[in-house]
Protein chains: 2
Amino acid sequence: MKTCLVHEKTYARLAPRLKDVEHKLDVLIMTDEGRFYHAGSRVVTDKVEPDIVFGSLDCFFSPSAREFIMAVLQSDRLDWFQSPAAGVDNAVLKSIGKASKQYTTNHTQAESMAEWALWSALDFLRAGPAHRAQQAAREWKRVQSREIAGSRWLIVGYGSIGEAVGKRVSALGGHVTGLRRSPGPAPGAHEILPISVLPDELPGADVVLLCVPHTAETEGMANADFFSRMKPDALFMNLGRGALVDEEALVAALDAGRPAYAALDVTRVEPLPEDSPLWHHPKISITPHDSTQTNGTLLRADETFLDNLHRYLNDEPLRHLVDRKAFED
Amino acid sequence: MKTCLVHEKTYARLAPRLKDVEHKLDVLIMTDEGRFYHAGSRVVTDKVEPDIVFGSLDCFFSPSAREFIMAVLQSDRLDWFQSPAAGVDNAVLKSIGKASKQYTTNHTQAESMAEWALWSALDFLRAGPAHRAQQAAREWKRVQSREIAGSRWLIVGYGSIGEAVGKRVSALGGHVTGLRRSPGPAPGAHEILPISVLPDELPGADVVLLCVPHTAETEGMANADFFSRMKPDALFMNLGRGALVDEEALVAALDAGRPAYAALDVTRVEPLPEDSPLWHHPKISITPHDSTQTNGTLLRADETFLDNLHRYLNDEPLRHLVDRKAFED
């Protein structure tokens with residue numbers, strides 16, 4: 001029988017759907033206090049040797065995330081790790097990838113990130129900051145605002161996240177230009193163009209969204225020249241990696257009035273240092289890299305795990321299996 | 001030749017598209033300073049006797065709105081007034097309706113109101129207030145949030161506004177129940193039910209949106225009983241009229257923890273009095289009845305006017321002509 005480690009909150013959701021495999025599976029449960037017990041028992045155990053680990057967001061965002069990671073890395077029997085994330089460009093995930101015979105990724109965060117983009121864009125277009133300042137001042141004064149309908153979006157990096165955003169923006173009547181290496185068409189985009197046309201496309205966009213991976217080529221791509229090509233009333237958003245943006249150039253550009261506003265879910269150093277000028281800039285809104293962290297992401301990742309668990313127990317190939325080379329130094 | 005009164009900002013947008021009728025039309029332009037001049041001249045005139053008036057939002061939200069309304073009401077030749085609004089339940093519009101031989105309405109605000117609903121719902125579901133409080137405190141702490149995808153919406157009043165909201169929410173993966181008198185189906189709604197089932201539907205909704213007209217039946221419909229049936233984590237929104245809501249009951253319900261939050265574009269008394277407890281309630285966001293006030297609404301209303309103008313000049317029947325009985329006392 002295989003031992004499968006899951007978080008207590010994850011198990012609370014999945015238990016009814018694990019009934020059919022409980023004869024094949026010993027479920028080991030971790031609590032937010034960093035204690036471990038077997039499903040069906042309440043006796044705390046010190047023997048934590050999982051074959052299978054579902055590293056859901058419940059684990060990584062738990063107060064006992066550290067104990068969880070230690071337990072995973074110390075298991076001598078680790079055969080399969082199901083990650084909650086799409087990427088492996090993270091030191092912890094890389095260590096786990098090295099420690100596990102099989103490692104599978106999750107591609108269920110794009111939806112949540114796309115709703116973050118809609119939220120951030122609507123809050124800008126609808127003049128959220130001005131409305132809130134007026135409410136704080138008990139001032140009843142109509143504010144002229146803008147719509148996603150008819151707005152022009154430039155999505156830099158049109159992979160699964162870009163496409164999830166593009167589909168929603170198109171459905172709401174916006175115009176979507178996606179930039180990526182491979183030519184179009186792609187769902188949700190009115191046009192797909194090569195990344196090389198970026199400088200020519202920036203001046204026409206009301207909303208510019210970065211969601212390219214961080215590579216040597218994309219490092220600091222949003223620099224002074226990039227921002228100087230944007231419209232004075234445009235919004236800049238980053239859902240990729242903080243290293244894509246020259247943050248000093250961004251602050252200077254906002255101060256110079258072009259673009260109008262920036263919404264960032266990622267920053268160059270995370271957590272963002274307390275003395276960063278980004279925190280209190282009146283034209284920047286920051287979320288702490290939590291655009292993926294919704295109930296929906298949790299539920300969709302559960303589905304990925306359950307699907308792969310049945311495959312695993314039936315000796316079928318796992319979905320989203322990562323080539324072991326990705327974990328080599 | 002007919003004299004047509006428009007606001008200077010409206011004319012700036014429409015001038016190229018009025019070229020083909022300029023031989024039939026004397027365009028009289030009003031400025032934000034309340035001065036009037038004829039197109040093609042810059043000489044200010046005191047003679048303001050329009051046959052046609054396009055009462056765009058530029059006029060009603062102008063600093064010279066009062067001069068505009070006076071000019072309309074004092075014209076002895078007023079033959080057709082194009083309103084920017086769908087309703088006529090407003091003292092000023094009623095007076096104009098009485099003064100004009102023909103009066104046409106505009107049904108182009110639903111899109112803007114629907115985007116207001118998405119904005120308000122996303123700001124609640126994504127924990128906007130918590131994120132902003134953290135940013136103000138320079139605190140980097142992930143917040144668990146929610147999605148429109150999978151959320152259950154109860155839209156009370158499924159007319160043009162309800163439908164515009166429902167279409168968008170459905171496209172984003174939400175579940176939409178619309179309540180209205182006439183049976184379904186209707187675009188954007190998974191089900192259409194009669195208003196009478198409201199008490200049974202409230203407990204299942206994540207988002208409840210009011211967009212019914214204000215009548216004797218709907219007056220104060222959102223009362224203590226209504227709120228007590230909502231979920232503790234649900235959002236209440238009002239895009240209809242302030243009089244639909246018992247505001248004291250709303251404050252008491254929010255304080256009691258059910259529903260979680262309210263987003264209001266309308267209040268019982270407008271402008272909302274400075275001493276209203278709604279202004280500074282931590283669980284209420286207020287916009288000053290400006291959910292319609294977007295660039296998109298302006299542009300769509302321009303289209304309504306241009307279409308009707310060509311009909312008028314060609315002696316064809318006008319669209320959205322209001323029965324004169326609507327203006328009787």
# chains A, B, ... in the order shown; residues from 1 in each chain; ligands from 1

$ residues_around --residues "Leu14 of chain A" --least-positions-apart "6" --cutoff "10 Å" --atoms "only C-alpha atoms" --output "MDAnalysis selection string"
chainID A and resid 6 8 299 302:303 306

$ residues_around --residues "segment 151-157 of chain B" --least-positions-apart "2" --cutoff "9 Å" --atoms "only C-alpha atoms" --output "PyMOL selection string"
chain B and resi 146-149+159+161-163+165-166+169+173-181+195+198+201-202+204-213

$ write_last_selection --atoms "N, CA, C and O atoms" --output "short mmCIF file (atom, residue, chain, number, x, y, z; two decimals), in the first residue's frame"
data_model
loop_
_atom_site.label_atom_id
_atom_site.label_comp_id
_atom_site.auth_asym_id
_atom_site.auth_seq_id
_atom_site.Cartn_x
_atom_site.Cartn_y
_atom_site.Cartn_z
N ARG B 146 -11.40 34.91 -4.18
CA ARG B 146 -12.42 34.12 -4.88
C ARG B 146 -12.53 34.55 -6.33
O ARG B 146 -11.96 35.54 -6.75
N GLU B 147 -13.26 33.76 -7.11
CA GLU B 147 -13.39 34.02 -8.55
C GLU B 147 -14.85 34.23 -8.95
O GLU B 147 -15.76 33.70 -8.31
N ILE B 148 -15.03 34.94 -10.05
CA ILE B 148 -16.37 34.99 -10.65
C ILE B 148 -16.70 33.61 -11.22
O ILE B 148 -17.83 33.14 -11.11
N ALA B 149 -15.70 32.94 -11.80
CA ALA B 149 -15.91 31.57 -12.28
C ALA B 149 -16.41 30.72 -11.12
O ALA B 149 -15.79 30.67 -10.07
N GLY B 159 -33.97 42.81 -16.90
CA GLY B 159 -34.24 43.61 -18.11
C GLY B 159 -32.94 43.83 -18.86
O GLY B 159 -32.04 42.98 -18.81
N ILE B 161 -30.45 45.85 -18.30
CA ILE B 161 -29.26 45.93 -17.44
C ILE B 161 -28.90 44.54 -16.89
O ILE B 161 -27.76 44.10 -16.97
N GLY B 162 -29.92 43.86 -16.35
CA GLY B 162 -29.68 42.52 -15.81
C GLY B 162 -29.07 41.60 -16.86
O GLY B 162 -28.13 40.84 -16.59
N GLU B 163 -29.61 41.70 -18.08
CA GLU B 163 -29.12 40.84 -19.16
C GLU B 163 -27.67 41.17 -19.52
O GLU B 163 -26.85 40.28 -19.78
N VAL B 165 -25.42 42.32 -17.55
CA VAL B 165 -24.59 41.74 -16.49
C VAL B 165 -24.52 40.23 -16.66
O VAL B 165 -23.44 39.63 -16.64
N GLY B 166 -25.69 39.60 -16.85
CA GLY B 166 -25.76 38.14 -16.94
C GLY B 166 -24.89 37.58 -18.06
O GLY B 166 -24.17 36.59 -17.87
N VAL B 169 -21.23 37.75 -16.86
CA VAL B 169 -20.94 36.80 -15.77
C VAL B 169 -20.91 35.37 -16.32
O VAL B 169 -20.04 34.57 -15.97
N GLY B 173 -17.84 32.37 -16.59
CA GLY B 173 -17.96 31.08 -15.89
C GLY B 173 -18.80 31.12 -14.62
O GLY B 173 -18.81 30.15 -13.85
N GLY B 174 -19.50 32.22 -14.38
CA GLY B 174 -20.40 32.28 -13.23
C GLY B 174 -21.75 31.68 -13.58
O GLY B 174 -22.07 31.46 -14.74
N HIS B 175 -22.53 31.39 -12.54
CA HIS B 175 -23.88 30.84 -12.73
C HIS B 175 -24.89 31.94 -12.47
O HIS B 175 -24.84 32.60 -11.42
N VAL B 176 -25.80 32.17 -13.42
CA VAL B 176 -26.70 33.32 -13.35
C VAL B 176 -28.16 32.89 -13.24
O VAL B 176 -28.68 32.17 -14.10
N THR B 177 -28.80 33.31 -12.16
CA THR B 177 -30.25 33.17 -12.02
C THR B 177 -30.85 34.56 -12.13
O THR B 177 -30.45 35.47 -11.38
N GLY B 178 -31.76 34.73 -13.08
CA GLY B 178 -32.43 36.02 -13.25
C GLY B 178 -33.86 35.95 -12.77
O GLY B 178 -34.55 34.96 -13.03
N LEU B 179 -34.29 36.98 -12.06
CA LEU B 179 -35.69 37.04 -11.61
C LEU B 179 -36.40 38.15 -12.38
O LEU B 179 -35.91 39.27 -12.45
N ARG B 180 -37.57 37.81 -12.95
CA ARG B 180 -38.39 38.84 -13.60
C ARG B 180 -39.81 38.31 -13.76
O ARG B 180 -40.07 37.13 -13.54
N ARG B 181 -40.70 39.19 -14.16
CA ARG B 181 -42.11 38.79 -14.30
C ARG B 181 -42.33 37.80 -15.43
O ARG B 181 -42.92 36.75 -15.25
N ILE B 195 -40.25 36.67 -9.75
CA ILE B 195 -39.78 37.46 -8.60
C ILE B 195 -40.24 36.82 -7.28
O ILE B 195 -39.57 36.94 -6.26
N LEU B 198 -37.91 34.96 -4.83
CA LEU B 198 -36.75 35.67 -4.27
C LEU B 198 -36.32 35.14 -2.89
O LEU B 198 -35.14 34.83 -2.69
N GLU B 201 -34.34 32.00 -3.17
CA GLU B 201 -33.11 32.05 -3.96
C GLU B 201 -31.99 32.81 -3.24
O GLU B 201 -30.81 32.57 -3.52
N LEU B 202 -32.34 33.70 -2.33
CA LEU B 202 -31.31 34.51 -1.65
C LEU B 202 -30.25 33.67 -0.93
O LEU B 202 -29.05 34.00 -1.00
N GLY B 204 -28.76 30.97 -1.59
CA GLY B 204 -27.79 30.26 -2.41
C GLY B 204 -26.85 31.17 -3.19
O GLY B 204 -25.93 30.69 -3.85
N ALA B 205 -27.06 32.47 -3.11
CA ALA B 205 -26.32 33.38 -3.99
C ALA B 205 -25.04 33.91 -3.35
O ALA B 205 -25.02 34.26 -2.18
N ASP B 206 -23.96 33.96 -4.15
CA ASP B 206 -22.73 34.61 -3.73
C ASP B 206 -22.79 36.12 -3.98
O ASP B 206 -22.16 36.90 -3.28
N VAL B 207 -23.53 36.48 -5.02
CA VAL B 207 -23.69 37.89 -5.39
C VAL B 207 -25.16 38.14 -5.68
O VAL B 207 -25.78 37.40 -6.46
N VAL B 208 -25.72 39.15 -5.04
CA VAL B 208 -27.12 39.53 -5.28
C VAL B 208 -27.10 40.95 -5.84
O VAL B 208 -26.55 41.86 -5.21
N LEU B 209 -27.69 41.12 -7.02
CA LEU B 209 -27.70 42.43 -7.68
C LEU B 209 -29.14 42.89 -7.90
O LEU B 209 -29.94 42.18 -8.50
N LEU B 210 -29.45 44.09 -7.41
CA LEU B 210 -30.77 44.68 -7.66
C LEU B 210 -30.70 45.56 -8.89
O LEU B 210 -29.89 46.49 -8.96
N CYS B 211 -31.56 45.28 -9.86
CA CYS B 211 -31.74 46.23 -10.97
C CYS B 211 -33.18 46.22 -11.45
O CYS B 211 -33.42 46.20 -12.65
N VAL B 212 -34.11 46.23 -10.50
CA VAL B 212 -35.53 46.42 -10.81
C VAL B 212 -35.85 47.90 -10.79
O VAL B 212 -35.16 48.69 -10.15
N PRO B 213 -36.94 48.31 -11.48
CA PRO B 213 -37.37 49.71 -11.37
C PRO B 213 -37.93 49.97 -9.97
O PRO B 213 -38.31 49.04 -9.26
#

$ interface_residues --of "chain A" --to "chain B" --cutoff "8 Å" --atoms "only C-alpha atoms" --output "NGL selection string"
:A and (112 or 115-116 or 119 or 122-123 or 126 or 131-132 or 135-136 or 138-150 or 168 or 171-172 or 271-272 or 274 or 279-280 or 285-290 or 293-296)

$ write_last_selection --atoms "N, CA and C atoms" --output "compact mmCIF listing (two decimals), in the first residue's frame"
# COMPACT_ATOMS: atom_id res chain seq x y z
N SER A 112 -7.41 32.06 -12.58
CA SER A 112 -7.36 32.99 -11.45
C SER A 112 -6.54 34.24 -11.80
N GLU A 115 -8.57 36.56 -13.95
CA GLU A 115 -9.53 37.39 -13.21
C GLU A 115 -8.81 38.51 -12.45
N TRP A 116 -7.58 38.24 -12.00
CA TRP A 116 -6.78 39.31 -11.39
C TRP A 116 -6.58 40.44 -12.40
N TRP A 119 -9.78 42.39 -12.82
CA TRP A 119 -9.98 43.20 -11.60
C TRP A 119 -9.10 44.44 -11.64
N LEU A 122 -10.17 46.85 -14.47
CA LEU A 122 -11.43 47.54 -14.18
C LEU A 122 -11.22 48.58 -13.08
N ASP A 123 -10.40 48.26 -12.08
CA ASP A 123 -10.20 49.23 -11.01
C ASP A 123 -9.51 50.48 -11.54
N ARG A 126 -12.24 52.19 -14.19
CA ARG A 126 -13.39 52.77 -13.49
C ARG A 126 -12.96 53.81 -12.46
N HIS A 131 -12.56 57.23 -6.87
CA HIS A 131 -13.84 56.96 -6.19
C HIS A 131 -13.64 56.74 -4.69
N ARG A 132 -12.59 55.98 -4.34
CA ARG A 132 -12.38 55.70 -2.92
C ARG A 132 -11.95 56.96 -2.15
N GLN A 135 -15.10 58.86 -1.54
CA GLN A 135 -15.92 58.28 -0.47
C GLN A 135 -15.32 58.63 0.89
N ALA A 136 -13.98 58.55 1.00
CA ALA A 136 -13.33 58.87 2.27
C ALA A 136 -13.60 60.32 2.67
N ARG A 138 -16.35 61.90 1.89
CA ARG A 138 -17.83 62.08 1.86
C ARG A 138 -18.24 63.02 0.73
N GLU A 139 -17.60 62.85 -0.41
CA GLU A 139 -17.86 63.75 -1.52
C GLU A 139 -18.64 63.02 -2.62
N TRP A 140 -19.78 63.52 -3.01
CA TRP A 140 -20.63 62.93 -4.04
C TRP A 140 -20.38 63.69 -5.34
N LYS A 141 -19.50 63.18 -6.18
CA LYS A 141 -19.16 63.89 -7.42
C LYS A 141 -18.93 62.85 -8.50
N ARG A 142 -19.70 62.91 -9.56
CA ARG A 142 -19.57 61.90 -10.60
C ARG A 142 -18.19 61.94 -11.25
N VAL A 143 -17.67 60.75 -11.54
CA VAL A 143 -16.34 60.63 -12.15
C VAL A 143 -16.51 59.98 -13.52
N GLN A 144 -15.90 60.58 -14.51
CA GLN A 144 -15.95 60.00 -15.86
C GLN A 144 -14.98 58.81 -15.90
N SER A 145 -15.46 57.64 -16.34
CA SER A 145 -14.57 56.50 -16.37
C SER A 145 -14.59 55.81 -17.73
N ARG A 146 -13.95 54.65 -17.80
CA ARG A 146 -13.74 53.99 -19.08
C ARG A 146 -14.20 52.54 -19.01
N GLU A 147 -14.26 51.88 -20.17
CA GLU A 147 -14.77 50.50 -20.23
C GLU A 147 -13.71 49.56 -20.81
N ILE A 148 -13.83 48.29 -20.46
CA ILE A 148 -13.04 47.27 -21.16
C ILE A 148 -13.53 47.16 -22.60
N ALA A 149 -14.86 47.25 -22.78
CA ALA A 149 -15.41 47.25 -24.14
C ALA A 149 -14.76 48.38 -24.92
N GLY A 150 -14.18 48.04 -26.06
CA GLY A 150 -13.55 49.05 -26.90
C GLY A 150 -12.11 49.36 -26.53
N ARG A 168 -11.21 36.38 -22.03
CA ARG A 168 -12.13 37.16 -21.22
C ARG A 168 -12.28 38.59 -21.75
N ALA A 171 -14.36 38.56 -24.82
CA ALA A 171 -15.77 38.34 -24.50
C ALA A 171 -16.41 39.62 -23.98
N LEU A 172 -15.62 40.49 -23.36
CA LEU A 172 -16.15 41.75 -22.82
C LEU A 172 -16.07 42.89 -23.85
N PRO A 271 9.64 38.81 -0.56
CA PRO A 271 8.69 39.91 -0.36
C PRO A 271 9.32 41.26 -0.67
N LEU A 272 8.48 42.20 -1.14
CA LEU A 272 8.97 43.54 -1.45
C LEU A 272 9.50 44.19 -0.17
N GLU A 274 10.55 46.64 2.81
CA GLU A 274 9.71 47.68 3.41
C GLU A 274 10.08 49.07 2.91
N TRP A 279 5.84 50.70 -2.69
CA TRP A 279 4.74 50.52 -1.73
C TRP A 279 3.77 51.69 -1.70
N HIS A 280 4.35 52.91 -1.58
CA HIS A 280 3.46 54.07 -1.35
C HIS A 280 3.33 54.97 -2.56
N SER A 285 -0.51 49.87 -7.79
CA SER A 285 -1.14 48.96 -6.84
C SER A 285 -0.40 47.63 -6.87
N ILE A 286 -0.20 47.09 -5.67
CA ILE A 286 0.61 45.89 -5.51
C ILE A 286 -0.19 44.80 -4.84
N THR A 287 -0.13 43.60 -5.40
CA THR A 287 -0.63 42.43 -4.69
C THR A 287 0.58 41.51 -4.47
N PRO A 288 0.60 40.78 -3.34
CA PRO A 288 1.80 40.03 -2.96
C PRO A 288 1.92 38.68 -3.67
N HIS A 289 2.06 38.73 -4.99
CA HIS A 289 2.22 37.51 -5.79
C HIS A 289 1.14 36.47 -5.42
N ASP A 290 -0.09 36.94 -5.27
CA ASP A 290 -1.17 36.02 -4.90
C ASP A 290 -2.29 35.99 -5.94
N GLN A 293 -4.02 32.78 -6.10
CA GLN A 293 -4.50 32.17 -4.87
C GLN A 293 -6.00 32.32 -4.62
N THR A 294 -6.77 31.59 -5.39
CA THR A 294 -8.23 31.62 -5.23
C THR A 294 -8.77 30.24 -4.91
N ASN A 295 -10.01 30.22 -4.46
CA ASN A 295 -10.71 28.95 -4.27
C ASN A 295 -10.72 28.14 -5.57
N GLY A 296 -10.90 28.82 -6.70
CA GLY A 296 -10.96 28.12 -7.98
C GLY A 296 -9.66 27.40 -8.31

$ select_by_dssp --residues "segment 26-178 of chain B" --states "strand (DSSP E or B)" --output "ChimeraX atom specification"
/B:26-30,36-38,44,52-54,80-82,102-104,145,152-156,175-178

$ write_last_selection --atoms "N, CA, C and O atoms" --output "mmCIF file, in the first residue's frame"
data_model
loop_
_atom_site.group_PDB
_atom_site.id
_atom_site.type_symbol
_atom_site.label_atom_id
_atom_site.label_comp_id
_atom_site.auth_asym_id
_atom_site.auth_seq_id
_atom_site.Cartn_x
_atom_site.Cartn_y
_atom_site.Cartn_z
ATOM 1 N N ASP B 26 -28.725 73.757 -38.781
ATOM 2 C CA ASP B 26 -27.983 74.848 -38.140
ATOM 3 C C ASP B 26 -27.602 74.339 -36.750
ATOM 4 O O ASP B 26 -28.471 74.170 -35.897
ATOM 5 N N VAL B 27 -26.314 74.051 -36.550
ATOM 6 C CA VAL B 27 -25.889 73.474 -35.276
ATOM 7 C C VAL B 27 -25.546 74.586 -34.287
ATOM 8 O O VAL B 27 -24.678 75.424 -34.555
ATOM 9 N N LEU B 28 -26.256 74.579 -33.156
ATOM 10 C CA LEU B 28 -26.032 75.557 -32.097
ATOM 11 C C LEU B 28 -25.265 74.854 -30.980
ATOM 12 O O LEU B 28 -25.675 73.794 -30.515
ATOM 13 N N ILE B 29 -24.147 75.453 -30.596
ATOM 14 C CA ILE B 29 -23.224 74.773 -29.678
ATOM 15 C C ILE B 29 -23.213 75.460 -28.317
ATOM 16 O O ILE B 29 -23.134 76.691 -28.248
ATOM 17 N N MET B 30 -23.314 74.647 -27.236
ATOM 18 C CA MET B 30 -23.219 75.189 -25.883
ATOM 19 C C MET B 30 -21.865 74.848 -25.280
ATOM 20 O O MET B 30 -21.403 73.713 -25.405
ATOM 21 N N PHE B 36 -23.352 80.205 -25.969
ATOM 22 C CA PHE B 36 -23.888 79.531 -27.158
ATOM 23 C C PHE B 36 -23.327 80.175 -28.418
ATOM 24 O O PHE B 36 -23.207 81.398 -28.484
ATOM 25 N N TYR B 37 -22.963 79.357 -29.394
ATOM 26 C CA TYR B 37 -22.548 79.892 -30.691
ATOM 27 C C TYR B 37 -22.908 78.900 -31.789
ATOM 28 O O TYR B 37 -23.116 77.707 -31.520
ATOM 29 N N HIS B 38 -22.999 79.428 -33.026
ATOM 30 C CA HIS B 38 -23.364 78.562 -34.149
ATOM 31 C C HIS B 38 -22.116 77.921 -34.741
ATOM 32 O O HIS B 38 -21.068 78.569 -34.815
ATOM 33 N N VAL B 44 -20.718 84.622 -30.071
ATOM 34 C CA VAL B 44 -21.675 84.197 -29.051
ATOM 35 C C VAL B 44 -23.039 84.800 -29.356
ATOM 36 O O VAL B 44 -23.147 85.944 -29.773
ATOM 37 N N ILE B 52 -34.316 71.055 -32.299
ATOM 38 C CA ILE B 52 -33.818 69.733 -31.921
ATOM 39 C C ILE B 52 -32.799 69.922 -30.812
ATOM 40 O O ILE B 52 -31.984 70.851 -30.876
ATOM 41 N N VAL B 53 -32.823 69.035 -29.808
ATOM 42 C CA VAL B 53 -31.790 69.075 -28.770
ATOM 43 C C VAL B 53 -31.255 67.667 -28.542
ATOM 44 O O VAL B 53 -32.027 66.733 -28.342
ATOM 45 N N PHE B 54 -29.933 67.542 -28.615
ATOM 46 C CA PHE B 54 -29.319 66.282 -28.190
ATOM 47 C C PHE B 54 -28.816 66.503 -26.755
ATOM 48 O O PHE B 54 -27.758 67.089 -26.542
ATOM 49 N N TRP B 80 -38.070 68.070 -31.017
ATOM 50 C CA TRP B 80 -37.561 66.731 -30.674
ATOM 51 C C TRP B 80 -36.395 66.846 -29.703
ATOM 52 O O TRP B 80 -35.444 67.589 -29.952
ATOM 53 N N PHE B 81 -36.491 66.092 -28.609
ATOM 54 C CA PHE B 81 -35.415 66.038 -27.614
ATOM 55 C C PHE B 81 -34.895 64.612 -27.533
ATOM 56 O O PHE B 81 -35.657 63.677 -27.269
ATOM 57 N N GLN B 82 -33.608 64.444 -27.779
ATOM 58 C CA GLN B 82 -32.983 63.120 -27.619
ATOM 59 C C GLN B 82 -32.366 63.057 -26.231
ATOM 60 O O GLN B 82 -31.414 63.791 -25.936
ATOM 61 N N GLN B 102 -41.685 65.800 -29.433
ATOM 62 C CA GLN B 102 -41.249 64.403 -29.457
ATOM 63 C C GLN B 102 -40.078 64.240 -28.489
ATOM 64 O O GLN B 102 -39.236 65.141 -28.378
ATOM 65 N N TYR B 103 -40.033 63.084 -27.846
ATOM 66 C CA TYR B 103 -38.994 62.823 -26.839
ATOM 67 C C TYR B 103 -38.543 61.385 -27.019
ATOM 68 O O TYR B 103 -39.362 60.465 -26.966
ATOM 69 N N THR B 104 -37.256 61.189 -27.266
ATOM 70 C CA THR B 104 -36.751 59.817 -27.459
ATOM 71 C C THR B 104 -35.740 59.474 -26.370
ATOM 72 O O THR B 104 -34.990 60.334 -25.910
ATOM 73 N N SER B 145 -8.409 34.559 -2.110
ATOM 74 C CA SER B 145 -9.560 35.266 -2.664
ATOM 75 C C SER B 145 -10.435 34.340 -3.507
ATOM 76 O O SER B 145 -10.252 33.116 -3.477
ATOM 77 N N ARG B 152 -22.190 32.114 -7.838
ATOM 78 C CA ARG B 152 -23.625 32.084 -8.152
ATOM 79 C C ARG B 152 -24.207 33.486 -8.002
ATOM 80 O O ARG B 152 -24.134 34.090 -6.943
ATOM 81 N N TRP B 153 -24.771 33.993 -9.101
ATOM 82 C CA TRP B 153 -25.338 35.342 -9.120
ATOM 83 C C TRP B 153 -26.863 35.277 -9.157
ATOM 84 O O TRP B 153 -27.436 34.507 -9.928
ATOM 85 N N LEU B 154 -27.466 36.125 -8.327
ATOM 86 C CA LEU B 154 -28.914 36.296 -8.358
ATOM 87 C C LEU B 154 -29.175 37.721 -8.818
ATOM 88 O O LEU B 154 -28.833 38.681 -8.109
ATOM 89 N N ILE B 155 -29.735 37.856 -10.015
ATOM 90 C CA ILE B 155 -29.973 39.180 -10.589
ATOM 91 C C ILE B 155 -31.464 39.466 -10.498
ATOM 92 O O ILE B 155 -32.274 38.829 -11.177
ATOM 93 N N VAL B 156 -31.789 40.423 -9.632
ATOM 94 C CA VAL B 156 -33.195 40.716 -9.337
ATOM 95 C C VAL B 156 -33.645 41.820 -10.276
ATOM 96 O O VAL B 156 -33.265 42.986 -10.113
ATOM 97 N N HIS B 175 -22.528 31.388 -12.538
ATOM 98 C CA HIS B 175 -23.876 30.836 -12.730
ATOM 99 C C HIS B 175 -24.886 31.943 -12.468
ATOM 100 O O HIS B 175 -24.843 32.596 -11.423
ATOM 101 N N VAL B 176 -25.802 32.166 -13.418
ATOM 102 C CA VAL B 176 -26.700 33.315 -13.347
ATOM 103 C C VAL B 176 -28.160 32.887 -13.235
ATOM 104 O O VAL B 176 -28.680 32.175 -14.103
ATOM 105 N N THR B 177 -28.798 33.312 -12.158
ATOM 106 C CA THR B 177 -30.245 33.172 -12.022
ATOM 107 C C THR B 177 -30.849 34.562 -12.131
ATOM 108 O O THR B 177 -30.454 35.467 -11.383
ATOM 109 N N GLY B 178 -31.764 34.732 -13.076
ATOM 110 C CA GLY B 178 -32.425 36.025 -13.251
ATOM 111 C C GLY B 178 -33.858 35.949 -12.767
ATOM 112 O O GLY B 178 -34.550 34.963 -13.031
#

$ select_by_dssp --residues "segment 134-276 of chain A" --states "helix (DSSP H, G or I)" --output "PyMOL selection string"
chain A and resi 134-136+160-171+195-204+224-228+242-244+247-256

$ closest_residue --among "A:Val269, A:Ala99, A:Ala71, A:Ala301" --to "Ser56 of chain A" --atoms "only C-alpha atoms"
A:Ala301

$ closest_residue --among "A:Tyr11, A:Phe227, A:Tyr158, A:Phe60" --to "Gly184 of chain A" --atoms "only C-alpha atoms"
A:Tyr158

$ closest_residue --among "B:Cys4, B:Ala15, B:Val197, B:Ala262" --to "Asp79 of chain B" --atoms "only C-alpha atoms"
B:Cys4

$ residues_around --residues "Ser62 of chain A" --least-positions-apart "3" --cutoff "9 Å" --atoms "only C-alpha atoms" --output "VMD selection string"
chain A and resid 7 31 to 34 57 to 59 65 to 66 68

$ atom_distance --atom1 "atom CA of Leu244 of chain B" --atom2 "atom CA of Gly257 of chain B"
20.7 Å

$ closest_residue --among "A:His107, A:Asn223, A:Gly240, A:Pro84" --to "Thr10 of chain A" --atoms "only C-alpha atoms"
A:Pro84
